[in-house]
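query09.cif, holding mmCIF, C-alpha atoms:
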data_query
loop_
_atom_site.group_PDB
_atom_site.id
_atom_site.type_symbol
_atom_site.label_atom_id
_atom_site.label_comp_id
_atom_site.auth_asym_id
_atom_site.auth_seq_id
_atom_site.Cartn_x
_atom_site.Cartn_y
_atom_site.Cartn_z
ATOM 1 C CA MET A 1 48.633 -37.143 92.313
ATOM 2 C CA LYS A 2 45.299 -37.837 90.698
ATOM 3 C CA LYS A 3 44.549 -34.080 90.783
ATOM 4 C CA ILE A 4 47.843 -33.251 89.018
ATOM 5 C CA LEU A 5 47.197 -35.909 86.358
ATOM 6 C CA PHE A 6 43.664 -34.580 85.824
ATOM 7 C CA LEU A 7 44.934 -31.009 85.373
ATOM 8 C CA ALA A 8 47.575 -32.163 82.863
ATOM 9 C CA VAL A 9 44.969 -33.969 80.753
ATOM 10 C CA ALA A 10 42.677 -30.943 80.872
ATOM 11 C CA VAL A 11 45.482 -28.653 79.672
ATOM 12 C CA MET A 12 46.306 -31.016 76.804
ATOM 13 C CA LEU A 13 42.670 -31.189 75.732
ATOM 14 C CA THR A 14 42.364 -27.379 75.808
ATOM 15 C CA VAL A 15 45.507 -26.928 73.690
ATOM 16 C CA SER A 16 44.301 -29.573 71.241
ATOM 17 C CA LEU A 17 40.849 -28.004 70.888
ATOM 18 C CA ALA A 18 42.370 -24.536 70.393
ATOM 19 C CA ALA A 19 44.579 -25.906 67.634
ATOM 20 C CA CYS A 20 41.608 -27.561 65.956
ATOM 21 C CA GLY A 21 39.668 -24.298 66.220
ATOM 22 C CA THR A 22 42.447 -22.388 64.477
ATOM 23 C CA LYS A 23 42.585 -24.925 61.662
ATOM 24 C CA GLY A 24 38.814 -24.753 61.298
ATOM 25 C CA GLU A 25 38.757 -20.954 60.853
ATOM 26 C CA THR A 26 41.530 -21.028 58.276
ATOM 27 C CA GLY A 27 39.940 -23.879 56.515
ATOM 28 C CA SER A 28 36.567 -22.174 56.565
ATOM 29 C CA GLY A 29 38.025 -19.026 55.013
ATOM 30 C CA ASN A 30 39.701 -20.953 52.229
ATOM 31 C CA THR A 31 36.584 -22.926 51.585
ATOM 32 C CA GLN A 32 34.509 -19.785 51.172
ATOM 33 C CA ASN A 33 37.019 -18.233 48.796
ATOM 34 C CA ASN A 34 37.527 -21.408 46.842
ATOM 35 C CA GLY A 35 33.825 -22.014 46.801
ATOM 36 C CA LYS A 36 33.081 -18.566 45.364
ATOM 37 C CA THR A 37 35.717 -18.959 42.729
ATOM 38 C CA ASP A 38 34.591 -22.450 41.964
ATOM 39 C CA THR A 39 30.998 -21.309 41.826
ATOM 40 C CA GLN A 40 31.778 -18.487 39.393
ATOM 41 C CA ALA A 41 34.018 -20.564 37.216
ATOM 42 C CA GLY A 42 32.004 -23.701 37.567
ATOM 43 C CA GLY A 43 28.680 -21.959 37.082
ATOM 44 C CA SER A 44 29.654 -20.408 33.768
ATOM 45 C CA ALA A 45 31.755 -23.285 32.521
ATOM 46 C CA ALA A 46 28.861 -25.622 33.252
ATOM 47 C CA LEU A 47 26.900 -24.088 30.379
ATOM 48 C CA SER A 48 27.348 -26.098 27.233
ATOM 49 C CA GLY A 49 25.497 -26.713 24.032
ATOM 50 C CA SER A 50 24.817 -25.066 20.696
ATOM 51 C CA LEU A 51 22.814 -22.074 19.582
ATOM 52 C CA LEU A 52 21.519 -21.060 16.148
ATOM 53 C CA ALA A 53 20.807 -17.385 15.450
ATOM 54 C CA ALA A 54 19.336 -16.783 11.975
ATOM 55 C CA GLY A 55 17.689 -13.981 10.050
ATOM 56 C CA SER A 56 18.519 -10.361 9.286
ATOM 57 C CA THR A 57 21.603 -9.838 7.131
ATOM 58 C CA ALA A 58 21.711 -6.251 8.391
ATOM 59 C CA LEU A 59 22.265 -7.581 11.915
ATOM 60 C CA GLN A 60 24.396 -10.532 10.829
ATOM 61 C CA PRO A 61 27.827 -8.787 10.918
ATOM 62 C CA LEU A 62 27.311 -7.768 14.561
ATOM 63 C CA VAL A 63 26.020 -11.149 15.718
ATOM 64 C CA ASP A 64 28.759 -12.902 13.800
ATOM 65 C CA GLN A 65 31.552 -10.825 15.340
ATOM 66 C CA VAL A 66 30.178 -10.955 18.879
ATOM 67 C CA SER A 67 29.567 -14.700 18.674
ATOM 68 C CA LYS A 68 33.278 -15.268 17.987
ATOM 69 C CA LYS A 69 34.265 -13.193 21.046
ATOM 70 C CA PHE A 70 31.655 -14.997 23.111
ATOM 71 C CA MET A 71 32.936 -18.454 22.182
ATOM 72 C CA ALA A 72 36.547 -17.345 22.780
ATOM 73 C CA ASP A 73 35.660 -16.311 26.342
ATOM 74 C CA PRO A 74 36.721 -19.159 28.685
ATOM 75 C CA LYS A 75 33.458 -18.759 30.601
ATOM 76 C CA TYR A 76 31.492 -19.813 27.526
ATOM 77 C CA SER A 77 33.909 -22.256 25.938
ATOM 78 C CA GLY A 78 31.313 -25.003 26.093
ATOM 79 C CA ILE A 79 28.841 -23.095 23.917
ATOM 80 C CA THR A 80 28.832 -23.070 20.114
ATOM 81 C CA VAL A 81 26.984 -20.246 18.369
ATOM 82 C CA GLN A 82 26.084 -20.600 14.693
ATOM 83 C CA VAL A 83 25.004 -17.482 12.790
ATOM 84 C CA GLN A 84 23.015 -17.540 9.547
ATOM 85 C CA GLY A 85 21.420 -14.861 7.338
ATOM 86 C CA GLY A 86 18.342 -15.276 5.211
ATOM 87 C CA GLY A 87 16.528 -12.056 6.047
ATOM 88 C CA SER A 88 14.307 -10.919 8.902
ATOM 89 C CA GLY A 89 11.250 -12.784 7.627
ATOM 90 C CA THR A 90 13.198 -16.013 7.576
ATOM 91 C CA GLY A 91 14.565 -15.402 11.071
ATOM 92 C CA LEU A 92 11.126 -14.768 12.515
ATOM 93 C CA THR A 93 9.644 -17.776 10.738
ATOM 94 C CA GLN A 94 12.439 -20.058 11.896
ATOM 95 C CA VAL A 95 12.362 -19.007 15.558
ATOM 96 C CA SER A 96 8.584 -19.266 15.577
ATOM 97 C CA GLY A 97 8.766 -22.748 14.044
ATOM 98 C CA GLY A 98 11.538 -23.918 16.335
ATOM 99 C CA GLN A 99 14.178 -24.248 13.588
ATOM 100 C CA ALA A 100 16.307 -21.491 15.160
ATOM 101 C CA ASP A 101 16.936 -20.560 18.796
ATOM 102 C CA ILE A 102 17.117 -16.843 18.014
ATOM 103 C CA GLY A 103 15.412 -15.001 15.167
ATOM 104 C CA ASN A 104 17.357 -11.897 14.105
ATOM 105 C CA SER A 105 15.100 -9.207 12.695
ATOM 106 C CA ASP A 106 15.023 -5.541 11.681
ATOM 107 C CA ILE A 107 11.264 -5.461 12.163
ATOM 108 C CA TYR A 108 8.902 -6.166 15.036
ATOM 109 C CA ALA A 109 7.359 -9.625 15.011
ATOM 110 C CA GLU A 110 3.948 -7.914 14.894
ATOM 111 C CA GLU A 111 4.866 -6.469 11.504
ATOM 112 C CA LYS A 112 5.320 -9.948 10.030
ATOM 113 C CA PHE A 113 2.757 -12.008 11.895
ATOM 114 C CA LYS A 114 -0.604 -10.358 11.369
ATOM 115 C CA ASP A 115 -4.269 -11.314 11.222
ATOM 116 C CA ALA A 116 -4.534 -15.127 11.446
ATOM 117 C CA ASP A 117 -0.841 -15.385 12.390
ATOM 118 C CA ALA A 118 -0.987 -12.712 15.111
ATOM 119 C CA ASP A 119 -0.706 -15.316 17.875
ATOM 120 C CA LYS A 120 2.740 -16.283 16.583
ATOM 121 C CA ALA A 121 4.019 -12.814 17.433
ATOM 122 C CA LYS A 122 2.658 -13.125 20.976
ATOM 123 C CA GLU A 123 4.773 -16.252 21.527
ATOM 124 C CA LEU A 124 7.997 -14.416 20.749
ATOM 125 C CA VAL A 125 10.036 -12.399 23.253
ATOM 126 C CA ASP A 126 11.771 -9.297 21.936
ATOM 127 C CA HIS A 127 15.415 -8.580 22.822
ATOM 128 C CA GLN A 128 16.609 -5.283 21.300
ATOM 129 C CA VAL A 129 20.396 -5.294 20.981
ATOM 130 C CA ALA A 130 21.130 -2.254 18.778
ATOM 131 C CA VAL A 131 19.683 0.267 16.350
ATOM 132 C CA VAL A 132 20.370 0.061 12.637
ATOM 133 C CA ALA A 133 19.943 3.020 10.323
ATOM 134 C CA MET A 134 19.742 2.762 6.554
ATOM 135 C CA ALA A 135 20.823 5.112 3.839
ATOM 136 C CA THR A 136 20.050 5.440 0.159
ATOM 137 C CA VAL A 137 23.210 4.527 -1.726
ATOM 138 C CA VAL A 138 24.116 5.095 -5.356
ATOM 139 C CA ASN A 139 26.955 4.365 -7.716
ATOM 140 C CA LYS A 140 29.749 6.878 -7.209
ATOM 141 C CA ASP A 141 29.299 8.313 -10.725
ATOM 142 C CA ILE A 142 25.916 9.784 -9.727
ATOM 143 C CA THR A 143 26.073 13.575 -9.275
ATOM 144 C CA VAL A 144 22.896 13.877 -7.185
ATOM 145 C CA ASP A 145 23.515 14.449 -3.463
ATOM 146 C CA ASN A 146 19.962 14.562 -2.104
ATOM 147 C CA LEU A 147 16.607 12.997 -2.864
ATOM 148 C CA THR A 148 13.273 13.976 -1.406
ATOM 149 C CA LYS A 149 10.817 11.386 -0.166
ATOM 150 C CA GLN A 150 8.661 11.921 -3.262
ATOM 151 C CA GLN A 151 11.644 11.554 -5.603
ATOM 152 C CA LEU A 152 12.529 8.250 -3.943
ATOM 153 C CA VAL A 153 8.942 7.051 -4.299
ATOM 154 C CA ASP A 154 8.973 8.024 -7.968
ATOM 155 C CA ILE A 155 12.204 6.081 -8.550
ATOM 156 C CA PHE A 156 11.220 2.919 -6.643
ATOM 157 C CA THR A 157 7.769 2.813 -8.247
ATOM 158 C CA GLY A 158 9.171 3.245 -11.757
ATOM 159 C CA LYS A 159 7.711 6.695 -12.418
ATOM 160 C CA VAL A 160 11.209 8.163 -12.791
ATOM 161 C CA THR A 161 13.749 6.049 -14.671
ATOM 162 C CA ASN A 162 16.498 8.545 -15.564
ATOM 163 C CA TRP A 163 18.743 10.535 -13.233
ATOM 164 C CA LYS A 164 18.204 13.715 -15.286
ATOM 165 C CA ASP A 165 14.617 13.828 -13.955
ATOM 166 C CA VAL A 166 15.838 14.283 -10.375
ATOM 167 C CA GLY A 167 18.662 16.742 -11.072
ATOM 168 C CA GLY A 168 21.388 14.382 -12.254
ATOM 169 C CA GLN A 169 23.011 13.446 -15.524
ATOM 170 C CA ASP A 170 21.310 11.740 -18.446
ATOM 171 C CA GLU A 171 21.695 8.156 -17.275
ATOM 172 C CA LYS A 172 19.342 5.241 -16.772
ATOM 173 C CA ILE A 173 18.477 4.409 -13.159
ATOM 174 C CA THR A 174 19.059 0.796 -12.182
ATOM 175 C CA ILE A 175 17.335 -0.258 -8.952
ATOM 176 C CA VAL A 176 19.080 -2.834 -6.766
ATOM 177 C CA ASN A 177 16.405 -4.065 -4.385
ATOM 178 C CA ARG A 178 16.064 -6.609 -1.599
ATOM 179 C CA PRO A 179 13.411 -9.380 -1.622
ATOM 180 C CA SER A 180 10.040 -8.777 -0.003
ATOM 181 C CA SER A 181 11.070 -10.917 3.011
ATOM 182 C CA SER A 182 13.918 -8.552 3.815
ATOM 183 C CA GLY A 183 13.652 -6.487 7.005
ATOM 184 C CA THR A 184 15.951 -3.910 5.458
ATOM 185 C CA ARG A 185 13.486 -3.500 2.563
ATOM 186 C CA LYS A 186 10.507 -3.263 4.903
ATOM 187 C CA THR A 187 12.266 -0.610 6.985
ATOM 188 C CA PHE A 188 13.232 1.364 3.876
ATOM 189 C CA GLU A 189 9.713 1.160 2.447
ATOM 190 C CA LYS A 190 8.051 2.083 5.740
ATOM 191 C CA TYR A 191 10.254 4.964 6.840
ATOM 192 C CA ALA A 192 11.852 6.264 3.601
ATOM 193 C CA LEU A 193 9.092 5.700 1.040
ATOM 194 C CA GLY A 194 6.064 5.520 3.281
ATOM 195 C CA THR A 195 4.628 2.875 0.954
ATOM 196 C CA LYS A 196 5.329 -0.574 -0.388
ATOM 197 C CA SER A 197 7.133 -0.921 -3.697
ATOM 198 C CA GLU A 198 6.677 -3.515 -6.407
ATOM 199 C CA ASP A 199 9.443 -5.560 -8.011
ATOM 200 C CA LEU A 200 9.817 -3.640 -11.245
ATOM 201 C CA GLN A 201 10.891 -5.250 -14.490
ATOM 202 C CA GLY A 202 14.562 -4.560 -15.101
ATOM 203 C CA SER A 203 15.383 -4.019 -11.432
ATOM 204 C CA ILE A 204 17.888 -6.252 -9.683
ATOM 205 C CA GLN A 205 16.942 -8.178 -6.567
ATOM 206 C CA GLU A 206 19.562 -9.547 -4.186
ATOM 207 C CA ASP A 207 19.275 -11.580 -0.996
ATOM 208 C CA SER A 208 22.108 -10.021 0.960
ATOM 209 C CA SER A 209 23.196 -6.494 1.804
ATOM 210 C CA GLY A 210 26.769 -7.382 0.886
ATOM 211 C CA THR A 211 25.754 -8.224 -2.681
ATOM 212 C CA VAL A 212 23.630 -5.083 -2.938
ATOM 213 C CA LYS A 213 26.681 -2.985 -2.057
ATOM 214 C CA LYS A 214 28.825 -4.802 -4.606
ATOM 215 C CA LEU A 215 26.278 -4.362 -7.403
ATOM 216 C CA VAL A 216 25.618 -0.683 -6.654
ATOM 217 C CA ALA A 217 29.363 -0.066 -6.646
ATOM 218 C CA GLU A 218 29.873 -1.861 -9.977
ATOM 219 C CA THR A 219 26.715 -0.870 -11.902
ATOM 220 C CA PRO A 220 26.587 2.593 -13.542
ATOM 221 C CA GLY A 221 23.440 4.499 -12.543
ATOM 222 C CA ALA A 222 22.596 2.059 -9.745
ATOM 223 C CA ILE A 223 20.621 2.941 -6.613
ATOM 224 C CA GLY A 224 19.870 0.833 -3.545
ATOM 225 C CA TYR A 225 19.797 1.076 0.225
ATOM 226 C CA LEU A 226 22.064 -0.290 2.907
ATOM 227 C CA ALA A 227 22.420 -0.412 6.648
ATOM 228 C CA PHE A 228 25.114 1.980 7.915
ATOM 229 C CA SER A 229 27.102 -1.101 8.946
ATOM 230 C CA TYR A 230 27.614 -2.034 5.279
ATOM 231 C CA ILE A 231 28.513 1.384 3.902
ATOM 232 C CA ASP A 232 32.061 2.161 2.838
ATOM 233 C CA ASP A 233 33.829 4.246 0.202
ATOM 234 C CA SER A 234 32.747 1.953 -2.628
ATOM 235 C CA VAL A 235 29.283 3.596 -2.733
ATOM 236 C CA LYS A 236 27.870 7.105 -2.277
ATOM 237 C CA THR A 237 25.213 7.961 0.305
ATOM 238 C CA LEU A 238 22.456 10.490 -0.379
ATOM 239 C CA LYS A 239 20.748 12.909 1.978
ATOM 240 C CA TYR A 240 17.076 12.245 2.664
ATOM 241 C CA ASP A 241 14.925 15.384 2.422
ATOM 242 C CA GLY A 242 18.092 17.372 3.080
ATOM 243 C CA VAL A 243 19.066 15.415 6.203
ATOM 244 C CA GLU A 244 22.404 13.648 6.181
ATOM 245 C CA PRO A 245 22.304 9.959 7.117
ATOM 246 C CA LYS A 246 24.508 9.935 10.186
ATOM 247 C CA GLU A 247 24.228 8.840 13.797
ATOM 248 C CA GLU A 248 23.720 12.326 15.264
ATOM 249 C CA ASN A 249 20.570 12.744 13.183
ATOM 250 C CA VAL A 250 19.291 9.237 13.910
ATOM 251 C CA VAL A 251 19.440 9.425 17.710
ATOM 252 C CA THR A 252 17.405 12.651 17.712
ATOM 253 C CA GLY A 253 14.830 11.223 15.322
ATOM 254 C CA ASP A 254 15.609 13.863 12.635
ATOM 255 C CA TYR A 255 16.685 11.118 10.245
ATOM 256 C CA PRO A 256 13.750 8.691 10.113
ATOM 257 C CA VAL A 257 15.105 5.620 8.299
ATOM 258 C CA TRP A 258 16.121 3.399 11.194
ATOM 259 C CA ALA A 259 14.946 0.365 13.117
ATOM 260 C CA TYR A 260 15.729 -1.653 16.212
ATOM 261 C CA GLU A 261 17.789 -4.782 15.789
ATOM 262 C CA HIS A 262 15.726 -7.499 17.452
ATOM 263 C CA MET A 263 16.861 -10.944 18.552
ATOM 264 C CA TYR A 264 13.645 -12.844 19.221
ATOM 265 C CA THR A 265 13.301 -16.016 21.247
ATOM 266 C CA LYS A 266 10.253 -18.243 21.408
ATOM 267 C CA GLY A 267 9.254 -17.668 24.999
ATOM 268 C CA GLU A 268 11.869 -16.712 27.563
ATOM 269 C CA PRO A 269 15.392 -17.725 26.504
ATOM 270 C CA ASN A 270 17.019 -20.828 27.953
ATOM 271 C CA GLU A 271 20.259 -20.472 29.924
ATOM 272 C CA ILE A 272 22.493 -20.642 26.865
ATOM 273 C CA ALA A 273 20.503 -18.157 24.822
ATOM 274 C CA LYS A 274 20.203 -15.838 27.835
ATOM 275 C CA ALA A 275 23.975 -15.913 28.368
ATOM 276 C CA PHE A 276 24.541 -14.887 24.749
ATOM 277 C CA LEU A 277 21.838 -12.220 24.755
ATOM 278 C CA ASP A 278 23.197 -10.758 27.998
ATOM 279 C CA TYR A 279 26.630 -10.700 26.363
ATOM 280 C CA MET A 280 25.192 -8.838 23.333
ATOM 281 C CA VAL A 281 23.904 -5.980 25.508
ATOM 282 C CA SER A 282 26.915 -5.878 27.835
ATOM 283 C CA VAL A 283 28.695 -2.554 28.178
ATOM 284 C CA GLU A 284 31.771 -4.013 26.514
ATOM 285 C CA VAL A 285 29.907 -5.099 23.376
ATOM 286 C CA GLN A 286 27.710 -1.992 23.182
ATOM 287 C CA ASN A 287 30.698 0.360 23.436
ATOM 288 C CA THR A 288 32.996 -1.558 21.118
ATOM 289 C CA ASP A 289 31.530 -3.996 18.596
ATOM 290 C CA VAL A 290 28.217 -2.151 18.146
ATOM 291 C CA VAL A 291 29.949 1.168 17.471
ATOM 292 C CA GLU A 292 32.826 -0.241 15.407
ATOM 293 C CA LEU A 293 30.442 -1.971 13.008
ATOM 294 C CA GLY A 294 28.291 1.101 12.387
ATOM 295 C CA TYR A 295 25.326 0.295 14.601
ATOM 296 C CA ILE A 296 23.973 2.568 17.325
ATOM 297 C CA PRO A 297 23.728 1.437 20.966
ATOM 298 C CA VAL A 298 20.086 1.274 22.054
ATOM 299 C CA GLY A 299 20.895 3.406 25.102
ATOM 300 C CA LYS A 300 22.000 6.358 22.940
ATOM 301 C CA MET A 301 18.597 6.834 21.312
ATOM 302 C CA GLN A 302 16.758 9.975 22.425
ATOM 303 C CA VAL A 303 13.493 8.734 20.916
ATOM 304 C CA LYS A 304 11.608 5.459 20.968
ATOM 305 C CA ARG A 305 9.554 3.828 18.232
ATOM 306 C CA ASP A 306 6.885 1.151 18.689
ATOM 307 C CA ALA A 307 5.671 -1.512 16.262
ATOM 308 C CA ALA A 308 3.162 0.911 14.788
ATOM 309 C CA GLY A 309 5.977 3.372 14.014
ATOM 310 C CA THR A 310 4.893 5.900 16.628
ATOM 311 C CA ILE A 311 7.784 8.003 17.924
ATOM 312 C CA THR A 312 7.958 9.138 21.545
ATOM 313 C CA LYS A 313 10.643 10.941 23.505
#

The structure given in the file should be rewritten as structure tokens.
Amino acid sequence: MKKILFLAVAVMLTVSLAACGTKGETGSGNTQNNGKTDTQAGGSAALSGSLLAAGSTALQPLVDQVSKKFMADPKYSGITVQVQGGGSGTGLTQVSGGQADIGNSDIYAEEKFKDADADKAKELVDHQVAVVAMATVVNKDITVDNLTKQQLVDIFTGKVTNWKDVGGQDEKITIVNRPSSSGTRKTFEKYALGTKSEDLQGSIQEDSSGTVKKLVAETPGAIGYLAFSYIDDSVKTLKYDGVEPKEENVVTGDYPVWAYEHMYTKGEPNEIAKAFLDYMVSVEVQNTDVVELGYIPVGKMQVKRDAAGTITK
């Protein structure tokens, strides 16, 4: 009798343990799945805080548009991104001084921080998110279609002041320039003129590319320069030494007036800044926002350019 009772208890224990084992496997599987989902959702959602990206107005439209998509993504709903202009010099100064988390710039930090300030450039980490090309733009009443490098130098140094002297009609040339802190101006001077230009008496100086476009469009005889991202039918673009300002000529290096769009951080980016910078160079952003707004994805370039302006393939 004792033997029968012992066997019955043993059977019950075996059945009970088997049942527990089955529950454990199912539960383990759910836990792993839930844990992965929770980790992905929780990991991203855990990021929260604010971010200030300031500087280049040439880069501003792209950063502004992408920041809105970024904040609308549920994964980054806890992050607020604020975008400000001010020019590349301002962006680099602010990120170096800690007033901004990201300094947007059309120029390398080494081009701004030189000599006694060279150490400031070494503290900054470069994140290249796109390429921006710039074109000479004129009022649509101008009949000239092409300017050589020397003709541009003559105009922006005040040697030539009338369109008739470069093949156009008898009309005064009005220069619409950017301030000396502008990365767009530095890029234009370095790669289109090959020299710095002075602020000539009678020329107009504007802080933003948007205002430059408006003034060139509204001022008879006006000439300026804009990033491709700002150009529309309100202004006319000119060829440079016979080369049309378009993406196909930029990626091969045949059209020289272009620069990388940099988003500098002081040291390595924190988690929030890294999440945004990773988003900027994601395939989705590079193939949509970058292209739609007139920039060129970094990966499409067939040449590279360093801070000294040296081109390599």

- Task: Identify, on the basis of all atoms listed in the file, every residue whose closest approach to stretch 221-223 of chain A does not exceed 9 Å; exclude the query and any residue fewer than 3 positions from it along the same chain; express the result as a list in words.
- Result: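 In the requested form, the answer reads Thr136, Val137, Val138, Asn139, Lys140, Asp141, Ile142, Asn162, Trp163, Glu171, Lys172, Ile173, Thr174, Ile175, Val176, Asn177, Leu215, Val216, Ala217 and Glu218 of chain A.
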
- Task: Just give me the gap between atom CA of A:Gly253 and atom CA of A:Arg185 in Å, one decimal is fine.
- Result: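 Separation between atom CA of A:Gly253 and atom CA of A:Arg185: 19.5 Å.
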
- Task: Run the PyMOL selection byres ((chain A and resi 299) around 12) against the file shown and list the residues it catches, as a list in words.
- Result: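 So the PyMOL selection byres ((chain A and resi 299) around 12), applied here, picks out Gln128, Val129, Ala130, Val131, Val251, Tyr260, Val281, Ser282, Val283, Gln286, Asn287, Val290, Tyr295, Ile296, Pro297, Val298, Lys300, Met301, Gln302, Val303 and Lys304 of chain A.
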
Please list as a PDB file with C-alpha atoms, keeping the file's coordinate frame every residue within 8 Å of A:Ala58, counting all atoms listed in the file and excluding residues in the same chain fewer than 2 positions away.
ATOM      1  CA  SER A  56      18.519 -10.361   9.286  1.00  0.00           C
ATOM      2  CA  GLN A  60      24.396 -10.532  10.829  1.00  0.00           C
ATOM      3  CA  PRO A  61      27.827  -8.787  10.918  1.00  0.00           C
ATOM      4  CA  ASP A 106      15.023  -5.541  11.681  1.00  0.00           C
ATOM      5  CA  VAL A 132      20.370   0.061  12.637  1.00  0.00           C
ATOM      6  CA  THR A 184      15.951  -3.910   5.458  1.00  0.00           C
ATOM      7  CA  SER A 209      23.196  -6.494   1.804  1.00  0.00           C
ATOM      8  CA  ALA A 227      22.420  -0.412   6.648  1.00  0.00           C
ATOM      9  CA  SER A 229      27.102  -1.101   8.946  1.00  0.00           C
ATOM     10  CA  TYR A 230      27.614  -2.034   5.279  1.00  0.00           C
TER      11      TYR A 230
END

- Shell of 6 Å around A:Ala133, only C-alpha atoms, local chain residues under 4 positions omitted, as a list in words: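 That gives Ala227, Phe228, Val257 and Trp258 of chain A.
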
- Between A:Tyr264, A:Leu59, A:Thr148, A:Ile102, which has the minimum distance to A:Gly294 (counting only C-alpha atoms)? A:Leu59
